[in-house]
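S.K.: Here it is, the structure, as structure tokens.
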Protein chains: 2
Amino acid sequence: MERTKFILDEKDMPTHWYNVLPDLPEPLPPPLHPATGKPLTPDDLAPLFPMELIKQEMSQERYIEIPEEVQAIYRTWRPTVLHRAHRLEKALDTPAKIFYKYEGTSQAGSHKPNTAVAQAYYNKQEGIKRLTTETGAGQWGSALAMGCMFFGLELKVYMVRVSYHQKPYRRIMMETWGAEVVPSPSQDTKAGRDVLAKDPECPGSLGIAISEAVEDAASRDDTHYSLGSVLNHVLLHQTIIGEETRKQMEMADAYPDIIVGCVGGGSNFAGQFLPWLRDKLSGKKPDLRIICVEPQACPTLTKGPYAYDFGDEAGLTPLLKMYTLGHTFMPPPVHAGGLRYHGMAPIICHLYNLGLIEARAEHQTAVFEAGVKFARTEGIITGPEPCHDLKVAIDEALKCRESGEAKTILIAHSGHGHFDLAAYDEYLSGRMQDYAYPEEKVKEALTHLPKVPGT
Amino acid sequence: MERTKFILDEKDMPTHWYNVLPDLPEPLPPPLHPATGKPLTPDDLAPLFPMELIKQEMSQERYIEIPEEVQAIYRTWRPTVLHRAHRLEKALDTPAKIFYKYEGTSQAGSHKPNTAVAQAYYNKQEGIKRLTTETGAGQWGSALAMGCMFFGLELKVYMVRVSYHQKPYRRIMMETWGAEVVPSPSQDTKAGRDVLAKDPECPGSLGIAISEAVEDAASRDDTHYSLGSVLNHVLLHQTIIGEETRKQMEMADAYPDIIVGCVGGGSNFAGQFLPWLRDKLSGKKPDLRIICVEPQACPTLTKGPYAYDFGDEAGLTPLLKMYTLGHTFMPPPVHAGGLRYHGMAPIICHLYNLGLIEARAEHQTAVFEAGVKFARTEGIITGPEPCHDLKVAIDEALKCRESGEAKTILIAHSGHGHFDLAAYDEYLSGRMQDYAYPEEKVKEALTHLPKVPGT
């Protein structure tokens, strides 16, 4: 019998997140206050985040214990399964061994609850009664709705209006878990009212929704704001993925030569690869290849400059040192909504700048071709974002067929595509289009990069 | 640490299905040929099914080995997890222990692939190249599409036209797995053309779709027909669920006092309870309670007579001894489409008639109330069908709160509700309606019960 799955018992679930900050060969460029250009202090963040998350954002502790209350919730779906893709390998006729760690069995269907649950917990611990956040198609909003449900926190989600009306399913999930969801721009905040006064039909944007969520949180003592990617503490919480995978790969008596994952804000893939990067940094596995995959339509790492920029379109956040296409850049409407982000987690950008990880950009028809190949071998129907991983994993496996090398490829599969079937329909019926890299729009957006005060 | 999940390693997955036929205290009334009234012979079934499934349909062997090729595919998602519903117990303030065996992590999202994979395998083994089936909302069609994909069989699915157009998601799943899906009635069969000649706008029905799928299969030597519930061999394949659960309950050091599950055709619930029924029949656990739950809108066991009837609306199948509301009965449009069946698996009906199992009928708003309670404690968003289980499990747990008894309740949870969120939206917004038992329509349908020839 060939083993197909490597299953960790819940008593063997890792008890600590891994914090890469103390292991970085050079320190991470700090986030800066946009008014002063000075590195951000904990006090600057206190109106929006609980102190424990602010500490984690800057911690130099290598391993941070996962609170037992968070572990208890994790255990409602974790540890997740590591699969060996025997049938895909056979279909590709490759000597490569392909593994995928699958986060799609969480109740919300992706990796996002790993941080949602932790954030809800720390806010609850510090007496917060209510969170706010923004969401586009609803992946993050639904994960946080679930996190807040588990800890009895109220949640208000500002959902980009066009998605609120066109993609009702994730809205209903949020409401089923008890969250309040309003289309943004809304009448509930000054930011929303200002927009609506000018344009009552405004379809909304993630930038406007962030403005509303932040204004709401800043205006009430019982309320904090929550962010689903990019920040160090979010990546930290996601390292449960890679820590589990390390144990499971050991069960499989295997070690990855190549790790692939898609990057939007970067939290899922960092959650997988950071625990392995330790071995690359320590010299235990110096030739480990880590490949970030992004859409050709939004090629942050492969085309953007490394510069300080705002994390959000509205220019409300601190300045983050990132590869960026400019915070005002509006990417073409590829189906992988989670990868349509102008920037990237500062930790990933720093590692890419140091040459420790690679990046590659792909077109969406090629990505869905890989998704269909995967569905027709392994059975799982993959979300548009992790279809990007599959494309690169298949390409690397085919290279192995050419070279005869039996490399071990590990895929950071972030979740299912049950709410993205319209995209499969487009692909299967030949109606899907690719979007070239929008060079002129990026050039224009980069003229709006903020100037760092004092430089 | 309280254990939340009981996980079986794939090497401990059961290797045999359990066949209840030899253990029945009285033999099952046989299916009859509708023209002669004589018990059906294997030859009668040979044009539609492979011989191995026909043998299983009538087998007196207690344990039937699961072919290694089927086990290998099962292992892509099985064993499934047994959960302890700690958070639901706490919310109900009950001394009852509640467990649920969850089939929603299969790639198709339900228990249906357990038989789809086995049926595809046996057909492939006997040289069949192509299967046909009918599907309503698409749950069964998508499972069989996945099963056929795994064994390289072609599949043509006749999908009820109104669902084909109104519920495109499961159609796209089927196509993603490589199946051909046509709206029924279609121009591809005489049955379909006849209907369309009379009514070009006909919305279709499961009965018409069955006629088309059977005609297609009967007219081609390389093609067989496949059915997703009701028949003995389908229930047999589903016993992998209960056999796994037995091992997992042992890990939990627990034994069920009450097992609950919804019944449409009955295959999921029978798959769970039949392996436990052994202990009730042998006297090891004589007081084991097994509760079938059905919709008030389609209360087959609780209101129907026990009589020979056709399995399908069109009157094409053999005569099956069933509790039935009449094969021409069209149930009200409750969201639990999988429970809108006029009859019930003959094995379940026989056991009910012998007083070995119980039945209860519920209204859909109460059922969704239970579904929301479950989502807001355990996190999982449940399909409309297994929401019925939750309602009864919660009621039994609340009785334990009254009586102080710490009973152990086991739920046969058949899958997620990711494609049923519109129903949650209806419930949450107060727009959901209940349907009273349609007594007059049932009376009318029962006048069409077939007369058994020779009686």
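Scheme for the structure tokens: letters A, B, ... for chains in order shown; per-chain residue numbers from 1; ligand numbers from 1 in order shown.
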Write out as a ChimeraX atom specification every residue belonging to chain A that has an atom at most 9 Å from any atom of chain B, counting only C-alpha atoms.

M.R.: /A:1-11,68,72,75-77,83-85,104-108,146,149-150,168-170,172-173,175-178,372,375-381,418-422,424-425,428

S.K.: Quick check for you: according to DSSP on this backbone, which residues of region 33-257 of chain A are classed as alpha helix (DSSP H)? Reply as a VMD selection string.

M.R.: chain A and resid 42 to 45 51 to 58 68 to 74 86 to 92 113 to 125 139 to 151 161 to 166 168 to 176 190 to 198 206 to 218 232 to 251

S.K.: Residues at most 12 Å from Pro200 (chain A), counting only C-alpha atoms, excluding those fewer than 3 positions away in the same chain, as a PDB file with C-alpha atoms, in the first residue's frame?

M.R.:
ATOM      1  CA  ARG A 161     -20.391  46.802  -2.517  1.00  0.00           C
ATOM      2  CA  SER A 184     -19.183  49.604   1.460  1.00  0.00           C
ATOM      3  CA  PRO A 185     -19.353  52.533   0.946  1.00  0.00           C
ATOM      4  CA  SER A 186     -21.969  52.681   3.706  1.00  0.00           C
ATOM      5  CA  GLN A 187     -23.856  55.397   5.544  1.00  0.00           C
ATOM      6  CA  GLY A 192     -18.531  56.104   3.500  1.00  0.00           C
ATOM      7  CA  ARG A 193     -20.911  59.048   3.595  1.00  0.00           C
ATOM      8  CA  ASP A 194     -18.356  61.314   1.908  1.00  0.00           C
ATOM      9  CA  VAL A 195     -17.961  58.883  -0.960  1.00  0.00           C
ATOM     10  CA  LEU A 196     -21.695  58.366  -1.337  1.00  0.00           C
ATOM     11  CA  ALA A 197     -22.333  62.118  -1.324  1.00  0.00           C
ATOM     12  CA  PRO A 203     -19.282  50.209  -6.478  1.00  0.00           C
ATOM     13  CA  GLY A 204     -16.789  50.454  -3.629  1.00  0.00           C
TER      14      GLY A 204
END

S.K.: Could you tell me which of B:Thr133, B:Ser205, B:Ser142, B:Thr115 comes closest to Thr328 (chain B) if we count only C-alpha atoms?

M.R.: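 Among the listed residues, B:Ser205 lies closest to Thr328 (chain B).
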
S.K.: State, in Å with one decimal place, the distance from CA of Met322 (chain B) to CA of Ala345 (chain B).

M.R.: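 CA of Ala345 (chain B) lies at a distance of 7.0 Å from CA of Met322 (chain B).
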
S.K.: Neighbours of Gly207 (chain A) within 8 Å (only C-alpha atoms; same-chain residues fewer than 5 positions away dropped), as a list in words?

M.R.: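 So the residues in contact are Asp312, Glu313 and Ala314 of chain A.
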
S.K.: Could you write out that same residue set with all heavy atoms as a PDB file, in the first residue's frame?

M.R.:
ATOM      1  N   ASP A 312      -2.322  50.103   2.027  1.00  0.00           N
ATOM      2  CA  ASP A 312      -3.692  50.120   1.505  1.00  0.00           C
ATOM      3  C   ASP A 312      -3.828  51.180   0.431  1.00  0.00           C
ATOM      4  O   ASP A 312      -3.020  52.109   0.342  1.00  0.00           O
ATOM      5  CB  ASP A 312      -4.676  50.421   2.644  1.00  0.00           C
ATOM      6  CG  ASP A 312      -4.464  51.842   3.165  1.00  0.00           C
ATOM      7  OD1 ASP A 312      -3.290  52.218   3.396  1.00  0.00           O
ATOM      8  OD2 ASP A 312      -5.456  52.575   3.324  1.00  0.00           O
ATOM      9  N   GLU A 313      -4.863  51.045  -0.356  1.00  0.00           N
ATOM     10  CA  GLU A 313      -5.089  51.975  -1.458  1.00  0.00           C
ATOM     11  C   GLU A 313      -5.373  53.392  -0.964  1.00  0.00           C
ATOM     12  O   GLU A 313      -5.061  54.358  -1.640  1.00  0.00           O
ATOM     13  CB  GLU A 313      -6.281  51.513  -2.291  1.00  0.00           C
ATOM     14  CG  GLU A 313      -6.084  50.217  -3.033  1.00  0.00           C
ATOM     15  CD  GLU A 313      -7.418  49.628  -3.481  1.00  0.00           C
ATOM     16  OE1 GLU A 313      -7.945  50.047  -4.514  1.00  0.00           O
ATOM     17  OE2 GLU A 313      -7.921  48.746  -2.751  1.00  0.00           O
ATOM     18  N   ALA A 314      -5.967  53.485   0.213  1.00  0.00           N
ATOM     19  CA  ALA A 314      -6.388  54.797   0.686  1.00  0.00           C
ATOM     20  C   ALA A 314      -5.235  55.596   1.306  1.00  0.00           C
ATOM     21  O   ALA A 314      -5.362  56.795   1.524  1.00  0.00           O
ATOM     22  CB  ALA A 314      -7.508  54.641   1.706  1.00  0.00           C
TER      23      ALA A 314
END

S.K.: Give me the residues near region 20-37 of chain B as a list in words, where near means some atom within 7 Å (using only C-alpha atoms) and where sequence neighbours in that chain fewer than 3 positions away do not count.

M.R.: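 So, after excluding close chain neighbours, the residues are Leu40, Gln60, Glu61, Arg62, Leu274, Pro318, Leu319, Leu320, Lys321, Ile347, His350, Val452, Pro453 and Gly454 of chain B.
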
S.K.: DSSP on the backbone, then: every residue of region 197-307 of chain B marked strand (DSSP E or B), written as a list of chain:residue names.

M.R.: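 Matching residues, listed in order: B:Thr223, B:His224, B:Tyr225, B:Ile258, B:Ile259, B:Val260, B:Gly261, B:Cys262, B:Arg289, B:Ile290, B:Ile291, B:Cys292, B:Val293, B:Glu294, B:Pro295, B:Tyr306, B:Ala307.
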
S.K.: So that I can check the surroundings of Gly261 (chain B), please list as a compact mmCIF listing (two decimals) with N, CA, C and O atoms, in the first residue's frame every protein, DNA and RNA residue that reaches within 10 Å of it, counting only C-alpha atoms and ignoring chain neighbours fewer than 6 positions away.

M.R.:
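Writing done, so here's result34.txt:
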# COMPACT_ATOMS: atom_id res chain seq x y z
N ASN B 268 -26.85 7.19 3.14
CA ASN B 268 -25.88 7.70 4.10
C ASN B 268 -26.16 7.17 5.50
O ASN B 268 -25.26 6.66 6.19
N PHE B 269 -27.40 7.28 5.93
CA PHE B 269 -27.68 6.91 7.31
C PHE B 269 -27.52 5.40 7.51
O PHE B 269 -26.96 4.94 8.51
N ALA B 270 -27.98 4.62 6.54
CA ALA B 270 -27.79 3.16 6.64
C ALA B 270 -26.30 2.84 6.71
O ALA B 270 -25.87 1.95 7.47
N GLN B 272 -24.05 4.46 8.08
CA GLN B 272 -23.60 4.68 9.46
C GLN B 272 -24.20 3.64 10.41
O GLN B 272 -23.49 3.04 11.21
N PHE B 273 -25.52 3.42 10.37
CA PHE B 273 -26.11 2.64 11.46
C PHE B 273 -26.05 1.13 11.28
O PHE B 273 -26.08 0.39 12.27
N ILE B 290 -32.03 4.02 17.04
CA ILE B 290 -31.62 4.49 15.71
C ILE B 290 -32.77 5.31 15.17
O ILE B 290 -33.88 4.80 14.99
N ILE B 291 -32.53 6.62 14.97
CA ILE B 291 -33.64 7.52 14.61
C ILE B 291 -33.42 8.09 13.21
O ILE B 291 -32.47 8.84 12.97
N CYS B 292 -34.32 7.73 12.30
CA CYS B 292 -34.32 8.28 10.95
C CYS B 292 -35.09 9.60 10.97
O CYS B 292 -36.18 9.67 11.53
N VAL B 293 -34.54 10.62 10.31
CA VAL B 293 -35.22 11.92 10.28
C VAL B 293 -35.57 12.26 8.84
O VAL B 293 -34.73 12.18 7.95
N GLU B 294 -36.80 12.67 8.64
CA GLU B 294 -37.27 13.02 7.30
C GLU B 294 -38.01 14.35 7.36
O GLU B 294 -38.36 14.82 8.44
N ALA B 359 -38.50 6.60 13.44
CA ALA B 359 -38.52 7.67 12.44
C ALA B 359 -39.23 8.89 13.01
O ALA B 359 -40.09 8.78 13.89
N GLU B 385 -29.85 18.68 4.21
CA GLU B 385 -30.26 17.32 4.59
C GLU B 385 -29.74 17.00 5.99
O GLU B 385 -30.54 16.70 6.90
N PRO B 386 -28.42 17.05 6.23
CA PRO B 386 -27.95 16.72 7.59
C PRO B 386 -28.37 17.73 8.66
O PRO B 386 -28.24 17.43 9.86
N CYS B 387 -28.86 18.91 8.29
CA CYS B 387 -29.44 19.79 9.31
C CYS B 387 -30.58 19.06 10.03
O CYS B 387 -30.87 19.33 11.19
N HIS B 388 -31.23 18.14 9.32
CA HIS B 388 -32.29 17.35 9.96
C HIS B 388 -31.73 16.52 11.12
O HIS B 388 -32.36 16.39 12.18
N ASP B 389 -30.55 15.94 10.93
CA ASP B 389 -29.91 15.17 12.01
C ASP B 389 -29.69 16.06 13.22
O ASP B 389 -29.90 15.65 14.37
N LEU B 390 -29.19 17.28 12.92
CA LEU B 390 -28.81 18.18 14.00
C LEU B 390 -30.02 18.52 14.87
O LEU B 390 -29.93 18.59 16.10
N LYS B 391 -31.16 18.74 14.21
CA LYS B 391 -32.39 19.08 14.94
C LYS B 391 -32.71 17.99 15.97
O LYS B 391 -32.96 18.28 17.15
N VAL B 392 -32.70 16.77 15.53
CA VAL B 392 -33.08 15.68 16.42
C VAL B 392 -31.99 15.42 17.47
O VAL B 392 -32.29 15.16 18.65
N ALA B 393 -30.74 15.54 17.08
CA ALA B 393 -29.66 15.36 18.05
C ALA B 393 -29.76 16.40 19.16
O ALA B 393 -29.59 16.10 20.35
N LEU B 410 -24.77 9.97 18.50
CA LEU B 410 -23.90 9.94 17.32
C LEU B 410 -24.69 10.44 16.11
O LEU B 410 -25.76 9.92 15.80
N ILE B 411 -24.13 11.44 15.44
CA ILE B 411 -24.78 12.05 14.27
C ILE B 411 -24.09 11.59 12.99
O ILE B 411 -22.87 11.67 12.89
N ALA B 412 -24.89 11.15 12.02
CA ALA B 412 -24.36 10.73 10.71
C ALA B 412 -24.37 11.94 9.77
O ALA B 412 -25.25 12.07 8.93
N HIS B 413 -23.38 12.80 9.90
CA HIS B 413 -23.35 14.08 9.18
C HIS B 413 -22.84 13.87 7.76
O HIS B 413 -21.66 13.63 7.55
N SER B 414 -23.74 14.05 6.77
CA SER B 414 -23.37 13.63 5.41
C SER B 414 -22.63 14.68 4.59
O SER B 414 -22.06 14.33 3.55

S.K.: For Leu301 (chain A), find every residue with an atom within 9 Å (counting only C-alpha atoms), except residues of its own chain fewer than 3 positions away, and show them as number ranges by chain.

M.R.: A: 292, 294, 304-306, 322-325, 343-344, 349, 352, 358-361

S.K.: CA of Val162 (chain A) to CA of Glu180 (chain A): how many Å, to one decimal?

M.R.: 17.1 Å

S.K.: For each of B:Ala406, B:Val117, B:Leu48, B:Ile357, take the minimum atom-to-atom distance to Tyr225 (chain B), counting only C-alpha atoms, then give the residue where this is smallest.

M.R.: B:Leu48

S.K.: Work out how far apart CA of Lys124 (chain B) and CA of Pro67 (chain B) are and give it in Å to one decimal.

M.R.: 12.6 Å
